[in-house]
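Have a look at data.cif below; it lists mmCIF, C-alpha atoms and all ligand atoms.
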data_final
#
loop_
_atom_site.label_atom_id
_atom_site.label_comp_id
_atom_site.auth_asym_id
_atom_site.auth_seq_id
_atom_site.Cartn_x
_atom_site.Cartn_y
_atom_site.Cartn_z
CA MET A 1 0.00 0.00 0.00
CA THR A 2 1.40 3.44 -0.91
CA ALA A 3 1.88 5.88 1.95
CA LYS A 4 -0.61 8.74 2.33
CA SER A 5 0.81 12.14 1.49
CA VAL A 6 0.86 15.19 3.76
CA THR A 7 1.89 18.69 2.71
CA ILE A 8 3.10 20.98 5.49
CA LEU A 9 3.12 24.76 5.06
CA GLY A 10 5.97 26.31 7.04
CA ALA A 11 9.49 25.19 7.91
CA GLY A 12 9.76 26.78 11.34
CA ILE A 13 10.15 24.65 14.47
CA VAL A 14 6.43 23.79 14.45
CA GLY A 15 6.31 22.69 10.79
CA LEU A 16 9.52 20.68 11.08
CA THR A 17 8.64 18.84 14.31
CA SER A 18 5.24 18.09 12.71
CA ALA A 19 7.07 16.71 9.66
CA HIS A 20 9.15 14.44 11.88
CA ALA A 21 6.16 13.11 13.83
CA LEU A 22 4.22 12.42 10.61
CA ALA A 23 7.19 10.85 8.81
CA GLU A 24 7.74 8.56 11.80
CA ALA A 25 4.08 7.58 11.57
CA GLY A 26 4.65 6.47 7.97
CA TYR A 27 3.35 9.43 5.96
CA LYS A 28 5.04 10.78 2.86
CA VAL A 29 5.68 14.39 3.77
CA HIS A 30 6.37 17.44 1.64
CA VAL A 31 7.32 20.70 3.37
CA ILE A 32 6.56 23.96 1.56
CA GLU A 33 8.35 27.10 2.74
CA THR A 34 8.05 30.55 1.17
CA ALA A 35 11.42 31.71 2.54
CA ASP A 36 14.72 30.48 1.11
CA ALA A 37 15.72 28.45 4.20
CA PRO A 38 14.24 26.78 7.28
CA ALA A 39 13.69 28.78 10.50
CA THR A 40 13.77 32.31 9.19
CA GLY A 41 10.79 33.58 11.26
CA ALA A 42 10.20 33.40 15.02
CA SER A 43 12.12 30.12 15.18
CA GLN A 44 15.28 32.01 14.32
CA SER A 45 14.73 35.01 16.58
CA ASN A 46 13.67 33.43 19.85
CA GLY A 47 15.39 33.43 23.21
CA PHE A 48 16.56 29.78 22.92
CA GLN A 49 14.81 28.90 26.18
CA LEU A 50 13.05 25.60 26.70
CA SER A 51 11.02 27.12 29.50
CA TYR A 52 9.41 23.97 30.92
CA GLY A 53 9.90 24.98 34.53
CA TYR A 54 8.51 28.48 34.11
CA LEU A 55 5.56 27.91 31.78
CA ALA A 56 2.42 29.97 32.31
CA PRO A 57 -0.18 31.75 30.19
CA PRO A 58 1.20 35.20 29.35
CA PHE A 59 -0.90 37.50 31.56
CA THR A 60 -2.99 37.30 34.72
CA PHE A 61 -5.93 39.64 35.10
CA TRP A 62 -4.12 41.67 37.75
CA GLU A 63 -1.00 42.05 35.63
CA VAL A 64 -3.10 43.43 32.77
CA ALA A 65 -5.04 45.71 35.12
CA ARG A 66 -1.78 47.00 36.62
CA ARG A 67 -0.02 47.56 33.33
CA PHE A 68 -2.88 48.44 30.99
CA LYS A 69 -2.53 52.21 31.09
CA SER A 70 1.23 52.18 30.61
CA MET A 71 0.97 49.55 27.84
CA LEU A 72 -1.58 51.68 26.05
CA CYS A 73 0.50 54.82 26.39
CA GLY A 74 3.63 52.97 25.31
CA THR A 75 5.40 53.83 28.54
CA THR A 76 5.92 50.24 29.70
CA PRO A 77 9.44 49.58 28.47
CA HIS A 78 9.00 46.03 27.25
CA THR A 79 5.31 45.62 26.43
CA THR A 80 3.43 48.12 24.42
CA ILE A 81 0.02 47.87 22.82
CA ALA A 82 0.79 50.77 20.54
CA HIS A 83 2.88 53.87 20.50
CA VAL A 84 0.82 55.29 17.69
CA LYS A 85 -1.42 52.45 16.61
CA ARG A 86 -4.05 52.44 19.30
CA ARG A 87 -6.45 51.60 16.52
CA GLU A 88 -5.02 48.04 16.69
CA LEU A 89 -7.08 47.67 19.84
CA ILE A 90 -10.23 48.67 18.00
CA LYS A 91 -9.52 46.65 14.87
CA HIS A 92 -8.80 43.49 16.87
CA TRP A 93 -11.13 44.20 19.78
CA HIS A 94 -12.51 40.62 19.69
CA TRP A 95 -9.01 39.14 20.12
CA PHE A 96 -8.22 41.49 23.01
CA ALA A 97 -11.65 40.86 24.60
CA ARG A 98 -11.04 37.10 24.43
CA ALA A 99 -7.54 37.53 25.82
CA LEU A 100 -8.95 39.50 28.73
CA TRP A 101 -11.59 36.82 29.32
CA HIS A 102 -8.82 34.23 29.54
CA THR A 103 -7.00 36.23 32.22
CA MET A 104 -9.98 35.69 34.57
CA PRO A 105 -8.83 33.45 37.43
CA PHE A 106 -11.03 30.42 36.55
CA ASN A 107 -9.90 30.47 32.89
CA TYR A 108 -6.32 31.33 33.77
CA ARG A 109 -5.98 28.34 36.05
CA LYS A 110 -7.46 25.96 33.46
CA ASN A 111 -5.10 27.26 30.76
CA PHE A 112 -2.17 27.12 33.18
CA ARG A 113 -2.83 23.43 33.81
CA GLU A 114 -3.18 22.76 30.06
CA VAL A 115 0.07 24.49 29.13
CA LEU A 116 1.93 22.60 31.85
CA LYS A 117 0.60 19.27 30.59
CA LEU A 118 1.73 20.19 27.09
CA GLY A 119 5.12 21.25 28.47
CA GLN A 120 5.53 17.85 30.16
CA LEU A 121 4.66 16.04 26.94
CA SER A 122 7.00 18.26 24.94
CA GLN A 123 9.92 17.73 27.30
CA PHE A 124 9.36 13.98 27.31
CA ASN A 125 9.27 13.90 23.50
CA LEU A 126 12.39 16.02 23.06
CA GLN A 127 14.30 13.80 25.51
CA ALA A 128 13.14 10.67 23.64
CA PHE A 129 14.11 12.28 20.34
CA MET A 130 17.55 13.15 21.66
CA SER A 131 18.24 9.60 22.67
CA GLY A 132 17.09 8.36 19.25
CA ASP A 133 17.03 10.26 15.95
CA GLY A 134 18.52 13.41 17.43
CA LYS A 135 21.40 11.89 19.37
CA ASP A 136 24.03 13.53 17.15
CA PHE A 137 22.25 16.89 16.87
CA LYS A 138 24.42 19.88 17.64
CA PHE A 139 22.37 22.77 18.98
CA ASP A 140 24.15 23.82 22.20
CA TYR A 141 21.67 22.06 24.45
CA SER A 142 21.90 23.04 28.12
CA MET A 143 20.11 21.75 31.21
CA GLN A 144 21.56 24.32 33.55
CA GLY A 145 18.29 25.91 34.74
CA LYS A 146 17.62 29.64 34.74
CA LEU A 147 17.27 32.54 37.09
CA ILE A 148 14.26 34.87 36.82
CA VAL A 149 14.99 38.18 38.54
CA GLU A 150 12.47 40.74 39.74
CA ASP A 151 12.70 44.35 40.88
CA SER A 152 10.07 44.39 43.63
CA LYS A 153 9.00 42.18 46.51
CA LYS A 154 5.45 42.17 45.14
CA HIS A 155 6.49 40.86 41.71
CA LEU A 156 8.80 38.35 43.33
CA PHE A 157 5.94 37.11 45.48
CA ASP A 158 3.76 36.65 42.34
CA ASP A 159 6.57 34.77 40.59
CA TRP A 160 7.14 32.55 43.56
CA LEU A 161 3.43 31.68 43.75
CA LYS A 162 3.56 30.78 40.06
CA ALA A 163 6.65 28.63 40.60
CA GLN A 164 5.03 26.84 43.55
CA TYR A 165 1.93 26.10 41.50
CA ILE A 166 4.14 24.65 38.74
CA THR A 167 5.94 22.47 41.29
CA ALA A 168 2.62 21.26 42.71
CA GLU A 169 1.31 20.34 39.24
CA THR A 170 4.47 18.85 37.72
CA GLY A 171 7.01 18.18 40.45
CA TRP A 172 9.49 20.54 38.70
CA PRO A 173 11.49 22.22 41.45
CA SER A 174 12.27 25.92 41.90
CA GLU A 175 14.15 27.84 44.54
CA LYS A 176 13.53 31.34 45.84
CA PHE A 177 16.66 33.53 45.78
CA GLY A 178 17.11 36.68 47.83
CA ARG A 179 18.91 39.66 46.33
CA LYS A 180 22.26 38.52 47.74
CA LYS A 181 21.94 35.03 46.31
CA CYS A 182 21.01 36.44 42.86
CA LEU A 183 24.13 38.60 42.86
CA GLU A 184 26.24 35.65 43.98
CA ALA A 185 24.82 33.48 41.19
CA LEU A 186 25.26 36.16 38.51
CA PRO A 187 27.77 38.75 39.81
CA PHE A 188 27.38 41.00 36.75
CA LEU A 189 23.87 41.94 37.99
CA GLU A 190 25.59 44.15 40.54
CA GLN A 191 26.68 46.55 37.82
CA ALA A 192 23.10 47.29 36.78
CA PRO A 193 21.57 50.43 38.15
CA HIS A 194 18.15 48.81 38.26
CA ASP A 195 17.55 47.27 41.64
CA ILE A 196 17.07 43.53 42.00
CA ALA A 197 14.71 42.45 44.76
CA GLY A 198 15.38 38.75 44.29
CA GLY A 199 14.59 35.91 41.95
CA VAL A 200 13.32 32.43 41.31
CA PHE A 201 15.75 29.79 40.18
CA SER A 202 13.88 27.36 37.96
CA LYS A 203 15.84 24.11 37.75
CA ASN A 204 13.82 22.51 34.99
CA ASN A 205 14.61 25.15 32.40
CA HIS A 206 16.65 24.00 29.48
CA ALA A 207 18.00 25.90 26.50
CA GLY A 208 19.21 25.22 22.99
CA ASN A 209 19.68 26.96 19.68
CA CYS A 210 16.29 26.56 17.99
CA ALA A 211 17.48 27.60 14.52
CA ALA A 212 20.43 25.16 14.66
CA PHE A 213 18.01 22.41 15.75
CA CYS A 214 15.80 23.21 12.73
CA GLN A 215 18.77 22.95 10.33
CA GLU A 216 19.73 19.57 11.79
CA LEU A 217 16.14 18.38 11.56
CA VAL A 218 15.90 19.28 7.86
CA LYS A 219 19.02 17.20 7.19
CA LEU A 220 17.69 14.24 9.19
CA LEU A 221 14.27 14.35 7.52
CA ALA A 222 15.75 14.50 4.03
CA ASP A 223 18.35 11.76 4.68
CA LYS A 224 16.44 9.25 6.79
CA TYR A 225 12.75 9.77 6.04
CA ASP A 226 10.48 10.16 3.05
CA VAL A 227 10.42 13.96 3.44
CA THR A 228 10.99 16.46 0.62
CA PHE A 229 11.30 20.24 0.78
CA THR A 230 10.46 23.18 -1.45
CA PHE A 231 12.02 26.47 -0.37
CA ASN A 232 11.31 29.82 -2.04
CA ALA A 233 7.85 28.43 -2.82
CA PRO A 234 5.52 30.91 -4.53
CA HIS A 235 2.37 31.78 -2.57
CA ALA A 236 -0.44 29.43 -3.65
CA PRO A 237 -3.94 29.12 -2.23
CA LEU A 238 -4.47 26.52 0.45
CA SER A 239 -7.17 24.86 -1.66
CA HIS A 240 -4.49 24.06 -4.26
CA TYR A 241 -2.44 22.08 -1.71
CA ALA A 242 -5.56 20.47 -0.25
CA GLN A 243 -6.46 19.09 -3.68
CA HIS A 244 -3.03 17.61 -4.35
CA ALA A 245 -2.33 15.82 -1.05
CA ASP A 246 -4.23 13.50 1.30
CA ALA A 247 -3.78 16.09 4.06
CA VAL A 248 -2.39 19.60 4.49
CA VAL A 249 -0.97 20.99 7.72
CA VAL A 250 -0.96 24.75 8.16
CA ALA A 251 2.06 25.40 10.38
CA CYS A 252 3.17 28.79 9.15
CA GLY A 253 3.07 30.79 12.38
CA PHE A 254 1.03 33.99 12.39
CA SER A 255 0.49 33.74 8.58
CA ALA A 256 -1.90 30.84 9.22
CA LYS A 257 -4.69 33.35 9.68
CA SER A 258 -4.40 34.73 6.14
CA VAL A 259 -3.60 31.32 4.61
CA LEU A 260 -6.86 29.94 6.06
CA LYS A 261 -8.98 32.81 4.77
CA GLY A 262 -11.85 31.39 2.75
CA PHE A 263 -11.95 28.19 4.83
CA LYS A 264 -14.65 29.59 7.11
CA THR A 265 -12.75 28.82 10.27
CA TYR A 266 -11.86 31.21 13.08
CA VAL A 267 -8.14 31.23 13.87
CA PRO A 268 -7.63 33.66 16.74
CA LEU A 269 -4.01 34.67 16.15
CA TYR A 270 -2.37 37.99 16.87
CA PRO A 271 1.22 38.73 15.76
CA VAL A 272 3.08 39.92 18.86
CA LYS A 273 6.35 41.45 17.85
CA GLY A 274 9.67 40.74 19.54
CA TYR A 275 13.33 41.53 18.89
CA SER A 276 16.62 39.81 19.54
CA TYR A 277 20.34 40.42 19.38
CA ASP A 278 23.33 38.16 19.22
CA PHE A 279 26.45 39.50 20.93
CA GLU A 280 29.95 38.22 20.97
CA ARG A 281 29.91 36.17 24.20
CA ILE A 282 29.43 38.75 27.01
CA THR A 283 30.51 36.86 30.13
CA PRO A 284 32.76 33.83 30.50
CA GLN A 285 30.19 32.40 32.91
CA GLN A 286 27.36 30.48 31.21
CA VAL A 287 24.23 32.59 31.72
CA TYR A 288 20.52 31.70 31.43
CA LEU A 289 18.48 34.59 32.73
CA THR A 290 15.06 36.21 32.52
CA HIS A 291 15.40 39.84 33.51
CA LYS A 292 11.78 40.79 34.23
CA PRO A 293 12.36 44.50 34.94
CA TYR A 294 14.11 44.86 31.57
CA GLY A 295 11.77 42.49 29.73
CA PHE A 296 14.29 40.17 28.11
CA VAL A 297 15.82 36.73 28.32
CA MET A 298 19.51 36.03 27.95
CA SER A 299 21.06 32.72 26.88
CA ASP A 300 24.67 31.87 26.16
CA MET A 301 25.26 29.62 23.17
CA GLY A 302 28.85 28.72 22.31
CA GLU A 303 30.66 31.88 21.30
CA THR A 304 27.59 34.10 21.37
CA THR A 305 25.06 35.51 23.81
CA ARG A 306 21.44 35.78 22.64
CA VAL A 307 19.22 38.45 24.17
CA ALA A 308 15.55 38.38 23.14
CA GLY A 309 12.52 40.22 24.36
CA PHE A 310 9.80 42.84 24.19
CA ALA A 311 6.19 42.10 23.29
CA ASP A 312 4.68 44.76 21.06
CA PHE A 313 1.00 44.62 20.12
CA VAL A 314 1.32 46.83 17.06
CA GLY A 315 0.04 44.48 14.38
CA LEU A 316 2.34 43.97 11.41
CA ASP A 317 3.57 47.56 11.57
CA THR A 318 7.36 47.77 11.24
CA SER A 319 7.71 51.56 11.34
CA ASP A 320 8.96 51.73 14.93
CA ASP A 321 11.48 48.87 14.74
CA ALA A 322 14.66 50.97 14.89
CA THR A 323 13.47 52.74 18.08
CA ARG A 324 12.45 49.50 19.77
CA LYS A 325 15.68 47.73 18.82
CA GLU A 326 17.63 50.64 20.19
CA ALA A 327 15.61 50.46 23.43
CA LEU A 328 16.44 46.77 23.80
CA LEU A 329 20.11 47.41 23.06
CA LYS A 330 20.18 50.18 25.65
CA LYS A 331 18.76 47.86 28.28
CA VAL A 332 21.42 45.26 27.63
CA GLN A 333 24.09 47.95 27.76
CA ASN A 334 22.62 49.12 31.13
CA LEU A 335 23.32 45.68 32.48
CA PHE A 336 26.96 45.85 31.36
CA PRO A 337 27.81 49.56 31.67
CA ASN A 338 31.58 49.06 31.59
CA GLN A 339 31.76 46.68 28.70
CA LYS A 340 31.84 47.34 24.99
CA LEU A 341 29.27 44.94 23.54
CA LYS A 342 29.79 43.63 20.04
CA VAL A 343 26.59 42.90 18.11
CA VAL A 344 26.94 39.98 15.68
CA GLY A 345 23.28 39.52 14.70
CA GLU A 346 19.91 41.22 15.06
CA TYR A 347 16.39 39.99 14.38
CA MET A 348 12.73 40.90 14.55
CA ALA A 349 9.86 38.42 14.42
CA PHE A 350 6.19 37.93 15.20
CA ARG A 351 4.99 35.42 17.75
CA PRO A 352 1.71 33.75 16.75
CA VAL A 353 -0.26 34.38 19.95
CA THR A 354 -3.73 33.04 20.86
CA PRO A 355 -6.03 34.68 23.43
CA ASN A 356 -5.66 31.79 25.91
CA GLY A 357 -1.92 31.33 25.37
CA LEU A 358 -2.42 27.76 24.13
CA PRO A 359 -1.46 26.45 20.67
CA ILE A 360 -4.17 25.49 18.18
CA VAL A 361 -4.00 21.87 17.03
CA ARG A 362 -7.12 20.87 15.16
CA ARG A 363 -8.73 19.87 11.88
CA VAL A 364 -10.77 22.31 9.84
CA ARG A 365 -14.21 20.71 9.91
CA LYS A 366 -15.13 18.47 6.97
CA THR A 367 -11.78 19.07 5.20
CA ASN A 368 -8.36 17.46 4.96
CA VAL A 369 -6.78 20.64 6.37
CA PHE A 370 -5.12 20.55 9.79
CA ILE A 371 -3.77 23.44 11.87
CA ASN A 372 -0.73 23.49 14.14
CA THR A 373 0.09 27.03 15.21
CA GLY A 374 -0.48 29.66 17.91
CA HIS A 375 2.51 28.70 20.08
CA GLY A 376 3.02 32.34 21.07
CA MET A 377 5.76 32.93 23.63
CA TYR A 378 6.64 29.22 23.89
CA GLY A 379 6.94 27.68 20.42
CA TRP A 380 10.39 26.22 20.96
CA THR A 381 9.28 24.83 24.32
CA LEU A 382 6.00 23.28 23.17
CA ALA A 383 6.59 22.24 19.54
CA HIS A 384 7.60 18.66 20.37
CA GLY A 385 4.34 18.15 22.25
CA THR A 386 2.03 19.66 19.63
CA ALA A 387 3.77 17.67 16.87
CA GLN A 388 2.65 14.46 18.55
CA LYS A 389 -0.88 15.78 19.05
CA LEU A 390 -1.04 16.74 15.39
CA ALA A 391 0.25 13.35 14.19
CA ASP A 392 -2.37 11.58 16.37
CA LEU A 393 -5.09 13.74 14.85
CA VAL A 394 -3.95 13.14 11.27
CA LYS A 395 -3.76 9.38 11.94
CA LYS A 396 -7.34 9.46 13.24
CA HIS A 397 -8.71 11.08 10.06
CA ILE A 398 -6.31 10.10 7.25
CA SER A 399 -5.29 6.47 7.31
C1 LIG B 401 11.75 37.63 20.40
C2 LIG B 401 11.19 36.25 20.62
C3 LIG B 401 11.64 35.49 21.68
C4 LIG B 401 11.12 34.21 21.90
N1 LIG B 401 11.65 33.43 22.89
C5 LIG B 401 11.21 32.16 23.06
C6 LIG B 401 11.83 31.30 24.01
O1 LIG B 401 12.80 31.67 24.66
N2 LIG B 401 11.33 30.04 24.16
C7 LIG B 401 10.26 29.60 23.43
O2 LIG B 401 9.83 28.47 23.64
N3 LIG B 401 9.69 30.37 22.48
C8 LIG B 401 10.13 31.64 22.27
N4 LIG B 401 9.58 32.44 21.32
C9 LIG B 401 8.42 31.93 20.57
C10 LIG B 401 8.81 30.96 19.46
O3 LIG B 401 9.95 31.42 18.78
C11 LIG B 401 7.64 30.82 18.47
O4 LIG B 401 6.47 30.46 19.16
C12 LIG B 401 7.94 29.73 17.44
O5 LIG B 401 9.15 29.98 16.80
C13 LIG B 401 6.82 29.65 16.42
O6 LIG B 401 7.22 28.71 15.47
P1 LIG B 401 6.46 28.53 14.11
O7 LIG B 401 7.11 27.43 13.38
O8 LIG B 401 4.99 28.42 14.41
O9 LIG B 401 6.61 29.94 13.38
P2 LIG B 401 7.85 30.51 12.53
O10 LIG B 401 9.13 30.15 13.13
O11 LIG B 401 7.56 31.95 12.33
O12 LIG B 401 7.75 29.71 11.17
C14 LIG B 401 6.70 29.91 10.26
C15 LIG B 401 7.27 29.64 8.87
O13 LIG B 401 6.19 29.63 7.94
C16 LIG B 401 6.64 30.26 6.75
N5 LIG B 401 5.45 30.68 6.00
C17 LIG B 401 4.69 31.78 6.18
N6 LIG B 401 3.67 31.79 5.30
C18 LIG B 401 3.80 30.67 4.53
C19 LIG B 401 3.03 30.09 3.46
N7 LIG B 401 1.94 30.69 2.99
N8 LIG B 401 3.46 28.93 2.92
C20 LIG B 401 4.56 28.31 3.38
N9 LIG B 401 5.33 28.80 4.41
C21 LIG B 401 4.94 29.96 4.97
C22 LIG B 401 7.52 31.39 7.24
O14 LIG B 401 8.40 31.82 6.23
C23 LIG B 401 8.22 30.72 8.41
O15 LIG B 401 9.43 30.11 8.02
C24 LIG B 401 10.09 33.72 21.06
C25 LIG B 401 9.64 34.48 19.98
C26 LIG B 401 10.20 35.73 19.74
C27 LIG B 401 9.73 36.52 18.55
#
So, in terms of structure tokens, how does the structure I just supplied come out?
Amino acid sequence: MTAKSVTILGAGIVGLTSAHALAEAGYKVHVIETADAPATGASQSNGFQLSYGYLAPPFTFWEVARRFKSMLCGTTPHTTIAHVKRRELIKHWHWFARALWHTMPFNYRKNFREVLKLGQLSQFNLQAFMSGDGKDFKFDYSMQGKLIVEDSKKHLFDDWLKAQYITAETGWPSEKFGRKKCLEALPFLEQAPHDIAGGVFSKNNHAGNCAAFCQELVKLLADKYDVTFTFNAPHAPLSHYAQHADAVVVACGFSAKSVLKGFKTYVPLYPVKGYSYDFERITPQQVYLTHKPYGFVMSDMGETTRVAGFADFVGLDTSDDATRKEALLKKVQNLFPNQKLKVVGEYMAFRPVTPNGLPIVRRVRKTNVFINTGHGMYGWTLAHGTAQKLADLVKKHIS
């Protein structure tokens, strides 16, 4: 019997892990990518963090209430709804209304539990992959854990509650650090003018170079499995792919919304913009850090240090990019006032964010079209879990 064929749109981490799960299940997979290489979108620009031990839906109701005015006015340094584009709020009012609904404590808790379950599955799958197909993968994998620092006792208390909830649900341990212990763990924090109240050390946080992982995965899929690739693919309607394959998987990040237009299905995605920089390695000490007051994560990978952050709700507007990049750069420089930092790479990308903070894995009703997107802030962390969910769903309908 000939294998059923599946076309996947998108060669980011979500499309490629989906390709692996489907190829393993015996499907003949073809990956279509409009860019000229794999991982050129969010999968290239992310903070490298496999944030299992610090997974949570993005905002609680109280966080939004506290920050709303400053986000709206663009005065919150690392999250802005719009400097000039307040009309985003009006245009996408239904997305924002849903997002607000999901910050309500009863919804928040349900989503929190869901994302943790997915994180557990994802971690399990990545570990299994690394002792099998991925055992020779080189992507600077680290299991060192990470420190999340805060600037006020109140924020630290909130973080610690979150960490305790995660431990209760998953058994993943965390430790509360006072200011002194944070400075002992990462002495360079002392140079920063911004005060550090303390932190949470999350032991079950891993890290790895997502883009490097994607490159390795493309090689593996082409060499070992029945997977073919088309890069630089011209834009074609989804119906075209749906006619020429047994199944199509839409895994093209925030573009999924426009790709699925005409399929009468609601895909609640909002492109939340973020930025990142690669520096020539900043400290000799290996650092994995979330600096909450500055709104960025920092991960050391081989000879470079990746800093990624900011969450701008400005739609697909790119007009303010230079200002925002400069703001991020300034924050990093604040942390190392006496050091000349050498930038070796800079990126901007859109996270495909859903109102509840959970990825969308489902079939478009009565069609052979499947969706795997909406991984938001945690695509690198969750992709290995959603790939399995997607493969199970495809197996159920296309066999
Ligand atoms: C600044 C920043 C920091 C982040 N930090 C972290 C982190 O530390 N940890 C973490 O877990 N996550 C992090 N994320 C989130 C994570 O990077 C994303 O959730 C994840 O990369 C999404 O993967 P994706 O494959 O869905 O999308 P993408 O990586 O954007 O891939 C989508 C691909 O689809 C292609 N495409 C678009 N349209 C079409 C089409 N019509 N046909 C074919 N192909 C198409 C695009 O060219 C692209 O290659 C971060 C994101 C950003 C922006």
How many Å separate atom CA of Asp151 of chain A from atom CA of Asp195 of chain A? 5.7 Å
Long-range neighbours of Phe229 of chain A as a PyMOL selection string, 7 Å cut-off, only C-alpha atoms, 4 positions minimum in chain: chain A and resi 30-32
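Look at Lys396 of chain A: the protein and nucleic acid residues within 12 Å of it, using only C-alpha atoms and passing over chain neighbours fewer than 6 places away, are A:Ala25, A:Ala247, A:Arg362, A:Arg363, A:Asn368, A:Phe370, A:Lys389, A:Leu390.
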Taking 4 positions as the minimum chain separation for residues in the same chain, which residues sit within 8 Å of segment 289-293 of chain A when counting all atoms listed in the file? Answer as a short mmCIF file (atom, residue, chain, number, x, y, z; two decimals) with C-alpha atoms, in the frame of the given file.
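The result, written out as part.cif:
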data_model
loop_
_atom_site.label_atom_id
_atom_site.label_comp_id
_atom_site.auth_asym_id
_atom_site.auth_seq_id
_atom_site.Cartn_x
_atom_site.Cartn_y
_atom_site.Cartn_z
CA LYS A 146 17.62 29.64 34.74
CA LEU A 147 17.27 32.54 37.09
CA ILE A 148 14.26 34.87 36.82
CA VAL A 149 14.99 38.18 38.54
CA GLU A 150 12.47 40.74 39.74
CA ASP A 151 12.70 44.35 40.88
CA HIS A 194 18.15 48.81 38.26
CA VAL A 297 15.82 36.73 28.32
CA MET A 298 19.51 36.03 27.95
CA SER A 299 21.06 32.72 26.88
#
Report the distance between atom CA of Val353 of chain A and atom CA of Gly253 of chain A in Å, rounded to one decimal place. 9.0 Å
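Going from atom CA of Leu220 of chain A over to atom CA of His375 of chain A, you cover 23.6 Å.
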Could you give me the axis-aligned bounding box of segment 220-239 of chain A, with 5 Å of padding per side, as centre plus edge lengths in Å to one decimal, as JSON?
{"center_x": 5.6, "center_y": 20.5, "center_z": 2.3, "size_x": 35.5, "size_y": 32.5, "size_z": 23.7}
Between A:Leu126, A:Val344, A:Val369, A:Ala308, single out the one closest to ligand LIG 401 (chain B), counting all atoms listed in the file. A:Ala308
Surrounding residues of Tyr225 of chain A excluding itself and chain neighbours under 2 positions, 10 Å, all atoms listed in the file, as number ranges by chain: A: 19-20, 23-24, 26-29, 219-223, 227-228
